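input-v6.txt (compact mmCIF, C-alpha atoms and all ligand atoms) appears below.
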```txt
# COMPACT_ATOMS: atom_id res chain seq x y z
CA MET A 1 84.76 260.29 133.74
CA ALA A 2 85.28 259.87 130.00
CA GLU A 3 86.16 256.20 130.33
CA LYS A 4 82.58 255.55 131.44
CA VAL A 5 81.29 256.27 127.92
CA VAL A 6 81.68 253.09 125.92
CA ASN A 7 80.73 251.94 122.42
CA ILE A 8 81.01 255.50 121.15
CA GLU A 9 80.75 254.32 117.53
CA MET A 10 77.16 253.17 118.17
CA ILE A 11 75.97 256.46 119.57
CA ASN A 12 74.12 258.03 116.68
CA PRO A 13 70.45 258.81 115.94
CA GLU A 14 70.11 255.81 113.64
CA ASN A 15 70.62 253.41 116.56
CA LEU A 16 68.58 255.35 119.10
CA VAL A 17 65.91 253.18 120.78
CA TYR A 18 65.07 255.09 123.95
CA GLN A 19 65.44 258.65 125.14
CA LYS A 20 63.57 260.79 127.63
CA THR A 21 60.38 262.21 126.16
CA LYS A 22 60.33 265.86 125.14
CA VAL A 23 57.04 266.25 127.04
CA LEU A 24 59.30 266.48 130.10
CA ASN A 25 61.78 269.34 130.12
CA ASP A 26 65.44 269.19 131.14
CA ASN A 27 65.01 270.40 134.71
CA VAL A 28 66.45 268.04 137.32
CA MET A 29 63.53 266.70 139.34
CA HIS A 30 63.69 267.47 143.05
CA TYR A 31 62.52 264.01 144.07
CA CYS A 32 64.66 261.83 146.32
CA PRO A 33 66.84 259.24 144.53
CA GLY A 34 64.71 256.30 143.45
CA CYS A 35 61.33 257.90 144.19
CA GLY A 36 58.49 256.53 142.04
CA HIS A 37 57.14 260.04 141.39
CA GLY A 38 59.80 260.55 138.70
CA THR A 39 58.92 257.30 136.93
CA ALA A 40 55.19 258.03 137.13
CA HIS A 41 55.76 261.49 135.63
CA ARG A 42 57.77 260.06 132.76
CA ILE A 43 55.17 257.39 131.95
CA ILE A 44 52.37 259.95 131.79
CA ALA A 45 54.54 262.24 129.66
CA GLU A 46 55.42 259.40 127.28
CA VAL A 47 51.76 258.55 126.74
CA ILE A 48 51.00 262.24 126.09
CA GLU A 49 53.75 262.22 123.46
CA GLU A 50 52.58 258.96 121.88
CA MET A 51 48.96 260.15 121.69
CA ASP A 52 50.19 263.50 120.32
CA ILE A 53 48.02 265.47 122.76
CA GLN A 54 50.65 267.73 124.30
CA SER A 55 48.74 270.89 123.44
CA GLU A 56 45.37 269.27 124.25
CA ILE A 57 45.98 268.24 127.85
CA ILE A 58 45.82 270.15 131.12
CA GLY A 59 47.21 268.73 134.36
CA ILE A 60 46.25 269.68 137.91
CA ALA A 61 49.12 269.44 140.40
CA PRO A 62 48.56 268.54 144.06
CA VAL A 63 50.14 269.56 147.33
CA GLY A 64 52.72 267.01 148.38
CA CYS A 65 56.11 266.09 147.00
CA SER A 66 54.73 266.46 143.48
CA VAL A 67 53.59 270.04 144.14
CA LEU A 68 56.25 271.25 141.70
CA MET A 69 55.40 268.82 138.90
CA TYR A 70 54.50 271.73 136.63
CA ASN A 71 58.22 272.57 136.62
CA TYR A 72 58.89 269.34 134.71
CA PHE A 73 55.98 268.90 132.28
CA ASN A 74 55.86 270.75 129.00
CA VAL A 75 52.06 270.89 129.18
CA ASP A 76 49.61 273.39 130.64
CA MET A 77 49.22 272.86 134.36
CA GLN A 78 47.35 274.41 137.24
CA GLU A 79 48.27 274.05 140.90
CA ALA A 80 45.41 273.27 143.30
CA ALA A 81 45.07 273.73 147.05
CA HIS A 82 45.77 270.58 149.08
CA GLY A 83 43.31 267.85 148.07
CA ARG A 84 41.28 270.07 145.76
CA ALA A 85 42.71 268.90 142.43
CA PRO A 86 39.53 266.98 141.44
CA ALA A 87 37.43 270.11 142.05
CA VAL A 88 39.78 272.24 139.96
CA ALA A 89 39.87 269.53 137.29
CA THR A 90 36.07 269.49 137.25
CA ALA A 91 35.98 273.21 136.51
CA VAL A 92 38.71 273.03 133.86
CA LYS A 93 37.06 270.11 132.10
CA ARG A 94 33.64 271.73 132.13
CA LEU A 95 35.08 274.91 130.66
CA TRP A 96 37.11 273.03 128.05
CA PRO A 97 35.28 269.75 127.45
CA ASP A 98 37.43 269.06 124.39
CA LYS A 99 40.68 269.10 126.36
CA PHE A 100 42.12 266.15 128.23
CA VAL A 101 42.27 266.90 131.97
CA PHE A 102 44.11 264.93 134.64
CA THR A 103 44.92 265.21 138.31
CA TYR A 104 48.08 263.83 139.88
CA GLN A 105 47.85 263.36 143.65
CA GLY A 106 49.53 261.66 146.57
CA ASP A 107 47.66 259.66 149.18
CA GLY A 108 47.72 262.47 151.74
CA ASP A 109 46.25 264.75 149.10
CA LEU A 110 43.74 262.39 147.49
CA ALA A 111 42.81 260.08 150.37
CA ALA A 112 43.03 262.37 153.41
CA ILE A 113 42.42 266.10 153.03
CA GLY A 114 40.87 265.66 149.58
CA THR A 115 38.63 262.66 150.28
CA ALA A 116 35.44 264.61 149.66
CA GLU A 117 36.65 266.09 146.37
CA THR A 118 37.85 262.68 145.21
CA ILE A 119 34.65 260.84 146.04
CA HIS A 120 32.32 263.47 144.65
CA ALA A 121 34.24 263.96 141.42
CA CYS A 122 34.21 260.18 140.91
CA ASN A 123 30.56 259.91 141.88
CA ARG A 124 29.56 262.69 139.50
CA GLY A 125 31.51 260.85 136.86
CA GLU A 126 33.53 263.88 135.87
CA ASN A 127 35.18 263.07 132.60
CA ILE A 128 38.73 263.37 133.93
CA THR A 129 41.64 261.04 134.64
CA MET A 130 42.99 260.82 138.17
CA PHE A 131 46.49 259.54 138.98
CA PHE A 132 46.84 258.49 142.61
CA ILE A 133 50.40 257.94 143.85
CA ASN A 134 50.07 255.85 146.99
CA ASN A 135 53.25 255.61 149.04
CA GLY A 136 51.43 255.02 152.31
CA ILE A 137 52.77 258.15 153.94
CA TYR A 138 52.93 261.96 153.83
CA GLY A 139 56.26 262.24 152.06
CA MET A 140 56.70 265.98 151.75
CA THR A 141 56.07 266.92 155.35
CA GLY A 142 58.30 264.32 156.97
CA GLY A 143 56.73 260.90 156.75
CA GLN A 144 53.61 261.25 158.88
CA MET A 145 50.93 258.53 158.95
CA ALA A 146 48.41 258.73 156.10
CA PRO A 147 45.00 257.02 155.82
CA THR A 148 46.81 254.51 153.57
CA THR A 149 49.54 253.66 156.11
CA LEU A 150 49.50 249.88 156.64
CA GLU A 151 48.74 248.19 159.92
CA GLY A 152 51.99 248.01 161.86
CA MET A 153 53.79 250.37 159.46
CA ARG A 154 56.09 252.86 161.11
CA SER A 155 55.80 256.54 160.35
CA SER A 156 56.91 259.66 162.17
CA THR A 157 53.48 259.86 163.84
CA SER A 158 53.17 256.10 164.40
CA PRO A 159 56.75 255.34 165.47
CA TYR A 160 55.77 251.97 166.95
CA GLY A 161 53.71 251.04 163.91
CA ARG A 162 50.09 251.81 163.07
CA ASP A 163 47.90 250.44 165.81
CA ILE A 164 44.44 249.87 164.33
CA SER A 165 42.67 249.94 167.69
CA MET A 166 43.85 253.51 168.20
CA MET A 167 44.53 254.85 164.69
CA GLY A 168 41.87 253.15 162.63
CA ASN A 169 42.11 251.06 159.50
CA PRO A 170 44.11 251.78 156.36
CA LEU A 171 41.88 253.04 153.56
CA LYS A 172 41.54 251.41 150.14
CA MET A 173 40.47 254.47 148.21
CA THR A 174 40.69 252.74 144.86
CA GLU A 175 38.27 249.94 145.77
CA LEU A 176 36.00 252.60 147.21
CA VAL A 177 35.77 254.74 144.07
CA ALA A 178 35.36 251.60 141.94
CA GLN A 179 31.92 251.17 143.52
CA LEU A 180 30.74 254.56 142.37
CA PRO A 181 28.69 254.66 139.18
CA GLY A 182 30.66 257.62 137.79
CA THR A 183 33.94 255.75 137.40
CA CYS A 184 34.52 253.86 134.15
CA TYR A 185 38.01 252.48 134.65
CA VAL A 186 39.73 251.85 137.98
CA THR A 187 43.04 250.08 138.22
CA ARG A 188 46.03 249.69 140.54
CA GLN A 189 49.53 249.56 139.11
CA ALA A 190 53.19 250.07 140.10
CA VAL A 191 56.33 251.44 138.46
CA HIS A 192 59.26 249.67 140.14
CA THR A 193 60.13 247.13 137.41
CA PRO A 194 60.24 247.28 133.60
CA SER A 195 57.16 245.05 133.27
CA ASN A 196 55.19 247.14 135.75
CA VAL A 197 56.21 250.30 133.90
CA ARG A 198 54.92 248.80 130.65
CA LYS A 199 51.61 247.77 132.27
CA THR A 200 51.15 251.18 133.86
CA LYS A 201 51.79 252.84 130.53
CA LYS A 202 49.05 250.77 128.92
CA ALA A 203 46.71 251.71 131.76
CA VAL A 204 47.49 255.42 131.38
CA ARG A 205 46.78 255.22 127.67
CA LYS A 206 43.49 253.40 128.20
CA ALA A 207 42.40 255.92 130.83
CA LEU A 208 43.01 258.85 128.48
CA GLU A 209 41.26 257.06 125.62
CA TYR A 210 38.20 256.49 127.81
CA GLN A 211 38.26 260.19 128.64
CA GLN A 212 38.32 260.93 124.92
CA LYS A 213 35.16 258.81 124.59
CA ASN A 214 33.48 260.73 127.44
CA MET A 215 33.07 257.58 129.53
CA GLY A 216 33.45 259.14 132.98
CA THR A 217 36.16 259.22 135.59
CA SER A 218 39.20 257.02 135.02
CA PHE A 219 41.27 256.38 138.13
CA ILE A 220 44.76 254.91 138.25
CA GLU A 221 46.43 254.16 141.56
CA ILE A 222 50.19 253.69 141.40
CA VAL A 223 51.52 251.96 144.51
CA SER A 224 54.85 253.63 145.06
CA ASN A 225 57.72 254.03 147.48
CA CYS A 226 58.83 256.85 149.73
CA ASN A 227 62.32 255.70 150.56
CA SER A 228 63.08 258.85 152.55
CA GLY A 229 59.91 258.64 154.61
CA TRP A 230 60.27 254.89 155.03
CA LYS A 231 63.94 255.41 155.91
CA MET A 232 65.22 252.82 153.44
CA ALA A 233 67.59 252.72 150.47
CA PRO A 234 65.68 252.98 147.15
CA VAL A 235 65.97 249.34 146.04
CA GLU A 236 65.25 248.16 149.58
CA SER A 237 62.12 250.34 149.66
CA ASN A 238 60.88 248.78 146.42
CA ASN A 239 61.39 245.32 147.89
CA TRP A 240 59.57 246.37 151.05
CA MET A 241 56.74 247.69 148.91
CA VAL A 242 56.40 244.36 147.10
CA GLU A 243 56.39 242.39 150.35
CA ASN A 244 54.19 244.68 152.42
CA MET A 245 52.16 247.05 150.26
CA PHE A 246 51.10 244.69 147.48
CA PRO A 247 49.34 242.14 149.73
CA PHE A 248 47.07 244.90 151.05
CA PHE A 249 46.96 246.95 147.83
CA PRO A 250 46.93 244.19 145.17
CA LEU A 251 47.81 245.22 141.62
CA GLY A 252 45.41 244.84 138.71
CA ASP A 253 42.20 246.18 137.21
CA ILE A 254 39.35 246.70 139.66
CA LYS A 255 36.78 248.05 137.22
CA VAL A 256 36.83 248.00 133.43
CA PRO A 257 34.21 249.34 131.01
CA ASP A 258 31.56 246.91 129.75
CA GLU A 259 32.77 247.15 126.17
CA GLU A 260 35.88 245.15 127.14
CA MET B 261 69.81 234.95 113.65
CA ALA B 262 71.12 238.47 113.62
CA LYS B 263 72.58 239.46 116.95
CA VAL B 264 72.00 242.81 118.53
CA LYS B 265 74.30 244.94 120.53
CA GLY B 266 73.26 247.80 122.72
CA THR B 267 74.76 250.59 124.69
CA ILE B 268 73.61 253.21 127.15
CA VAL B 269 74.54 256.81 127.77
CA VAL B 270 73.94 258.01 131.31
CA ASP B 271 73.52 261.72 131.95
CA ILE B 272 76.07 261.56 134.75
CA GLU B 273 75.27 264.90 136.36
CA LYS B 274 71.56 264.06 136.59
CA CYS B 275 71.96 260.50 137.89
CA LYS B 276 71.06 260.21 141.58
CA GLY B 277 72.74 256.87 142.20
CA CYS B 278 69.53 255.13 143.26
CA GLU B 279 70.58 251.78 141.68
CA ILE B 280 67.06 250.99 140.44
CA CYS B 281 68.51 250.48 136.94
CA ILE B 282 70.98 247.90 138.24
CA SER B 283 68.24 245.59 139.45
CA ALA B 284 66.32 246.05 136.18
CA CYS B 285 69.21 245.01 133.90
CA PRO B 286 68.73 241.38 132.76
CA THR B 287 72.40 240.97 131.85
CA SER B 288 73.76 242.69 134.98
CA VAL B 289 76.05 245.03 133.09
CA ILE B 290 75.34 248.24 135.00
CA SER B 291 77.50 249.25 137.96
CA MET B 292 77.85 252.30 140.14
CA SER B 293 80.92 254.49 139.84
CA VAL B 294 83.34 254.88 142.72
CA GLU B 295 83.78 258.59 142.03
CA VAL B 296 80.80 260.90 142.51
CA ASN B 297 79.11 263.51 140.32
CA GLY B 298 78.73 267.20 141.11
CA LYS B 299 75.85 266.49 143.46
CA GLY B 300 77.85 263.87 145.35
CA TYR B 301 76.06 260.82 143.95
CA PRO B 302 77.83 257.80 142.48
CA TYR B 303 76.46 257.31 138.97
CA ALA B 304 75.49 254.36 136.81
CA TYR B 305 77.76 253.14 134.00
CA LEU B 306 77.97 250.20 131.61
CA ASN B 307 80.60 247.87 133.03
CA ASP B 308 80.79 245.51 130.03
CA PRO B 309 80.77 247.12 126.55
CA ASP B 310 79.68 243.84 124.96
CA GLY B 311 77.03 242.79 127.49
CA CYS B 312 74.28 245.32 126.80
CA THR B 313 71.50 244.17 124.46
CA GLY B 314 69.79 247.55 124.23
CA CYS B 315 66.61 246.20 125.86
CA SER B 316 65.94 249.61 127.51
CA ASN B 317 64.79 248.07 130.80
CA CYS B 318 67.15 250.31 132.76
CA ALA B 319 65.96 253.43 130.97
CA ILE B 320 62.27 252.81 131.49
CA VAL B 321 62.61 252.30 135.25
CA CYS B 322 65.03 255.18 135.84
CA PRO B 323 63.03 257.66 137.95
CA ASP B 324 65.06 260.54 136.61
CA GLY B 325 64.99 259.53 132.96
CA VAL B 326 68.73 259.95 132.60
CA ILE B 327 69.48 256.89 130.44
CA THR B 328 69.49 256.98 126.64
CA VAL B 329 69.68 253.65 124.84
CA TYR B 330 71.15 252.69 121.45
CA ARG B 331 70.88 249.36 119.70
CA LYS B 332 72.14 247.94 116.44
CA LYS B 333 72.25 244.61 114.61
CA ILE B 334 75.64 243.02 114.33
CA GLY B 335 76.82 240.08 112.21
C1 LIG A 401 45.65 272.92 153.70
C2 LIG A 401 46.95 272.27 153.96
N1 LIG A 401 47.07 271.39 154.99
C3 LIG A 401 48.24 270.77 155.22
C4 LIG A 401 49.33 271.03 154.44
C5 LIG A 401 50.64 270.33 154.73
N2 LIG A 401 50.96 269.29 153.79
C6 LIG A 401 51.76 269.51 152.73
S1 LIG A 401 52.03 268.15 151.82
C7 LIG A 401 51.10 267.19 152.86
C8 LIG A 401 50.91 265.71 152.65
C9 LIG A 401 51.39 265.21 151.36
O1 LIG A 401 51.36 263.82 151.32
P1 LIG A 401 50.96 262.99 150.04
O2 LIG A 401 49.77 263.56 149.39
O3 LIG A 401 50.88 261.55 150.43
O4 LIG A 401 52.14 263.24 149.01
P2 LIG A 401 53.67 262.77 148.99
O5 LIG A 401 54.42 263.94 149.55
O6 LIG A 401 53.79 261.53 149.82
O7 LIG A 401 53.96 262.52 147.55
C10 LIG A 401 50.58 267.96 153.89
C11 LIG A 401 49.73 267.44 154.98
C12 LIG A 401 49.17 271.95 153.37
N3 LIG A 401 50.19 272.22 152.54
N4 LIG A 401 47.99 272.54 153.14
S1 LIG A 402 59.94 262.34 150.42
FE1 LIG A 402 59.20 260.39 149.63
S2 LIG A 402 57.57 260.87 148.15
FE2 LIG A 402 58.79 262.73 148.53
S3 LIG A 402 60.35 262.78 146.88
FE3 LIG A 402 61.27 261.79 148.69
S4 LIG A 402 60.90 259.61 148.37
FE4 LIG A 402 59.51 260.71 147.00
S1 LIG A 403 68.03 254.45 137.84
FE1 LIG A 403 68.67 256.40 136.88
S2 LIG A 403 69.12 257.79 138.58
FE2 LIG A 403 69.04 255.72 139.43
S3 LIG A 403 71.22 255.00 139.39
FE3 LIG A 403 70.25 254.31 137.48
S4 LIG A 403 70.70 255.93 135.99
FE4 LIG A 403 71.07 256.79 138.02
```

Kindly return the structure encoded in the file as structure tokens.
Amino acid sequence: MAEKVVNIEMINPENLVYQKTKVLNDNVMHYCPGCGHGTAHRIIAEVIEEMDIQSEIIGIAPVGCSVLMYNYFNVDMQEAAHGRAPAVATAVKRLWPDKFVFTYQGDGDLAAIGTAETIHACNRGENITMFFINNGIYGMTGGQMAPTTLEGMRSSTSPYGRDISMMGNPLKMTELVAQLPGTCYVTRQAVHTPSNVRKTKKAVRKALEYQQKNMGTSFIEIVSNCNSGWKMAPVESNNWMVENMFPFFPLGDIKVPDEE
Amino acid sequence: MAKVKGTIVVDIEKCKGCEICISACPTSVISMSVEVNGKGYPYAYLNDPDGCTGCSNCAIVCPDGVITVYRKKIG
């Protein structure tokens, strides 16, 4: 394997331009190869490092593939029951108003079983930041249909594709919470290309800065892939996401604070 | 204009062979190994020692954060 290391003379701290943030530990993440959860974790961790708030932030982990995210973040974290992360975050933030508090949730967690907690936390304008990883499916449990599953999209419980007449319409949770007075910043991003990663990072930073200014709930959807659940190779799943998910879940800011 | 040269170090045992970095590389200098790592995944490597500019695109899209990037001015 040694021949794969090239340009050895350049490898010294003086030339270092990118390395994994220390806000993530060295554990190997359990996510499938190419899954956007890993990239989303790293972006959030990088912003925590850049804002120097590692000891000031508390994360609430969901149920779903990211249930074990506390094994990777070097920050305080609390696990919540399925869908209840916004309720737990509400309590944590009210007890420690000076801390930064975030939830990290999949679409099964945030937009199915936790719909009530999501909507009410956003409507109350809890001063928290919510990260919503939308891969259109229940990844952890074997690729079942989620409220976010697209029309015609195959899943293990809609093997012939989602039929709206029988299974109802896909839900745009992000547009929904944008209408609530408690949200200050609502945006939809992705993490499959370098430019999308950079945009998402800016959004994460803004969201946490708005929280610092007590402006209400900030909500960032990240449209992501579930290559295992979609039964595709990683790069193929990202291409499928661009072609099929983005037309229904278009990227960009949905609500920004007045000051902007 | 000063030219820059870059290089990457892939944490081979943590790479999952997803190939997301390959599509992110603007100079197409990342390939997948034929041999596999301890987990059975082929891993990413720099196929052209002079082709990397150190832009870090591969590293910032790698879901597992296994790429470290170095860059220096030459000439
Ligand atoms: C109360 C309860 N109901 C159901 C489950 C089973 N369950 C575990 S994860 C999950 C869905 C997760 O999907 P999602 O939130 O989209 O996350 P992903 O795995 O796709 O990242 C379900 C239904 C559970 N753990 N607890
Ligand atoms: S099952 Fe899907 S969401 Fe879960 S880790 Fe694998 S690719 Fe990611
Ligand atoms: S993106 Fe990361 S994990 Fe995937 S092949 Fe490249 S180096 Fe390996």

7 Å from ligand LIG 402 (chain A) is the threshold here; counting all atoms listed in the file, which polymer residues fall inside it? Answer as a CSV table (one decimal) with C-alpha atoms, keeping the file's coordinate frame.
```csv
chain,number,residue,atom,x,y,z
A,30,HIS,CA,63.7,267.5,143.0
A,31,TYR,CA,62.5,264.0,144.1
A,32,CYS,CA,64.7,261.8,146.3
A,35,CYS,CA,61.3,257.9,144.2
A,36,GLY,CA,58.5,256.5,142.0
A,37,HIS,CA,57.1,260.0,141.4
A,65,CYS,CA,56.1,266.1,147.0
A,135,ASN,CA,53.2,255.6,149.0
A,139,GLY,CA,56.3,262.2,152.1
A,140,MET,CA,56.7,266.0,151.8
A,225,ASN,CA,57.7,254.0,147.5
A,226,CYS,CA,58.8,256.8,149.7
A,227,ASN,CA,62.3,255.7,150.6
A,228,SER,CA,63.1,258.8,152.6
A,229,GLY,CA,59.9,258.6,154.6
```

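Atom pair CA of Gly252 (chain A) / CA of Val235 (chain A) has a distance of 22.3 Å (rounded to one decimal).
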
Radius query 10 Å about (69.6, 250.4, 141.1), atoms used: only C-alpha atoms, as a JSON list (two decimals) with C-alpha atoms, in the frame of the given file:
```json
[["chain", "number", "residue", "atom", "x", "y", "z"],
["A", 33, "PRO", "CA", 66.84, 259.24, 144.53],
["A", 34, "GLY", "CA", 64.71, 256.30, 143.45],
["A", 233, "ALA", "CA", 67.59, 252.72, 150.47],
["A", 234, "PRO", "CA", 65.68, 252.98, 147.15],
["A", 235, "VAL", "CA", 65.97, 249.34, 146.04],
["A", 236, "GLU", "CA", 65.25, 248.16, 149.58],
["B", 276, "LYS", "CA", 71.06, 260.21, 141.58],
["B", 277, "GLY", "CA", 72.74, 256.87, 142.20],
["B", 278, "CYS", "CA", 69.53, 255.13, 143.26],
["B", 279, "GLU", "CA", 70.58, 251.78, 141.68],
["B", 280, "ILE", "CA", 67.06, 250.99, 140.44],
["B", 281, "CYS", "CA", 68.51, 250.48, 136.94],
["B", 282, "ILE", "CA", 70.98, 247.90, 138.24],
["B", 283, "SER", "CA", 68.24, 245.59, 139.45],
["B", 284, "ALA", "CA", 66.32, 246.05, 136.18],
["B", 285, "CYS", "CA", 69.21, 245.01, 133.90],
["B", 290, "ILE", "CA", 75.34, 248.24, 135.00],
["B", 291, "SER", "CA", 77.50, 249.25, 137.96],
["B", 292, "MET", "CA", 77.85, 252.30, 140.14],
["B", 303, "TYR", "CA", 76.46, 257.31, 138.97],
["B", 304, "ALA", "CA", 75.49, 254.36, 136.81],
["B", 318, "CYS", "CA", 67.15, 250.31, 132.76],
["B", 321, "VAL", "CA", 62.61, 252.30, 135.25],
["B", 322, "CYS", "CA", 65.03, 255.18, 135.84]]
```

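The space separating CA of Ile8 (chain A) from CA of Arg42 (chain A) comes to 26.4 Å.
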
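Interface residues of chain B facing chain A, defined by any atom at most 6 Å away and using only C-alpha atoms, are Lys276, Cys278, Ile280, Tyr305, Asn317, Val321, Pro323, Asp324, Gly325, Thr328, Val329, Tyr330, Arg331 and Lys332 of chain B.
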
So which residues are near ligand LIG 401 (chain A), meaning at most 8 Å away with all atoms listed in the file counted, given back as a PyMOL selection string? chain A and resi 37+62-66+81-83+105-113+133-141+143+146+226

Which distance in Å separates CA of Met77 (chain A) and CA of Leu180 (chain A), to one decimal? 27.2 Å

Out of A:Thr129, A:Thr187, A:Ser158, A:Ser165, which residue has the shortest atom-to-atom distance to Tyr210 (chain A) when counting only C-alpha atoms?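 Answer, going by the shortest atom-to-atom distance: A:Thr129.
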
Taking into account all atoms listed in the file, which residue in the set A:Ile164, A:Ile44, A:Val223, A:Ser218 is nearest to Pro86 (chain A)?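 Smallest distance to Pro86 (chain A) is found for A:Ser218.
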
Given all atoms listed in the file as the basis, pick out the residue of B:Cys275, B:Val294, B:Ile334, B:Cys315 nearest to ligand LIG 403 (chain A).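 The closest residue to ligand LIG 403 (chain A) is B:Cys275.
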
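For the choices B:Cys312, B:Ile272, B:Val326, B:Val264, the atom-to-atom distance to Glu295 (chain B) is smallest for B:Ile272 when using only C-alpha atoms.
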
I want to know what sits within 10 Å of Thr103 (chain A), based on all atoms listed in the file, with residues of the same chain fewer than 5 positions away left out; could you give that as a ChimeraX atom specification? /A:58-62,77-80,84-90,110,128-132,219

Selected residue of minimal separation from Arg154 (chain A) among A:Met232, A:Glu56, A:Thr217, A:Lys99, counting all atoms listed in the file: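 Using all atoms listed in the file, the shortest distance to Arg154 (chain A) belongs to A:Met232.
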
Could you check which of B:Gly314, B:Gly266, B:Pro286, B:Pro302 is closest to ligand LIG 403 (chain A), using only C-alpha atoms and all ligand atoms? B:Pro302
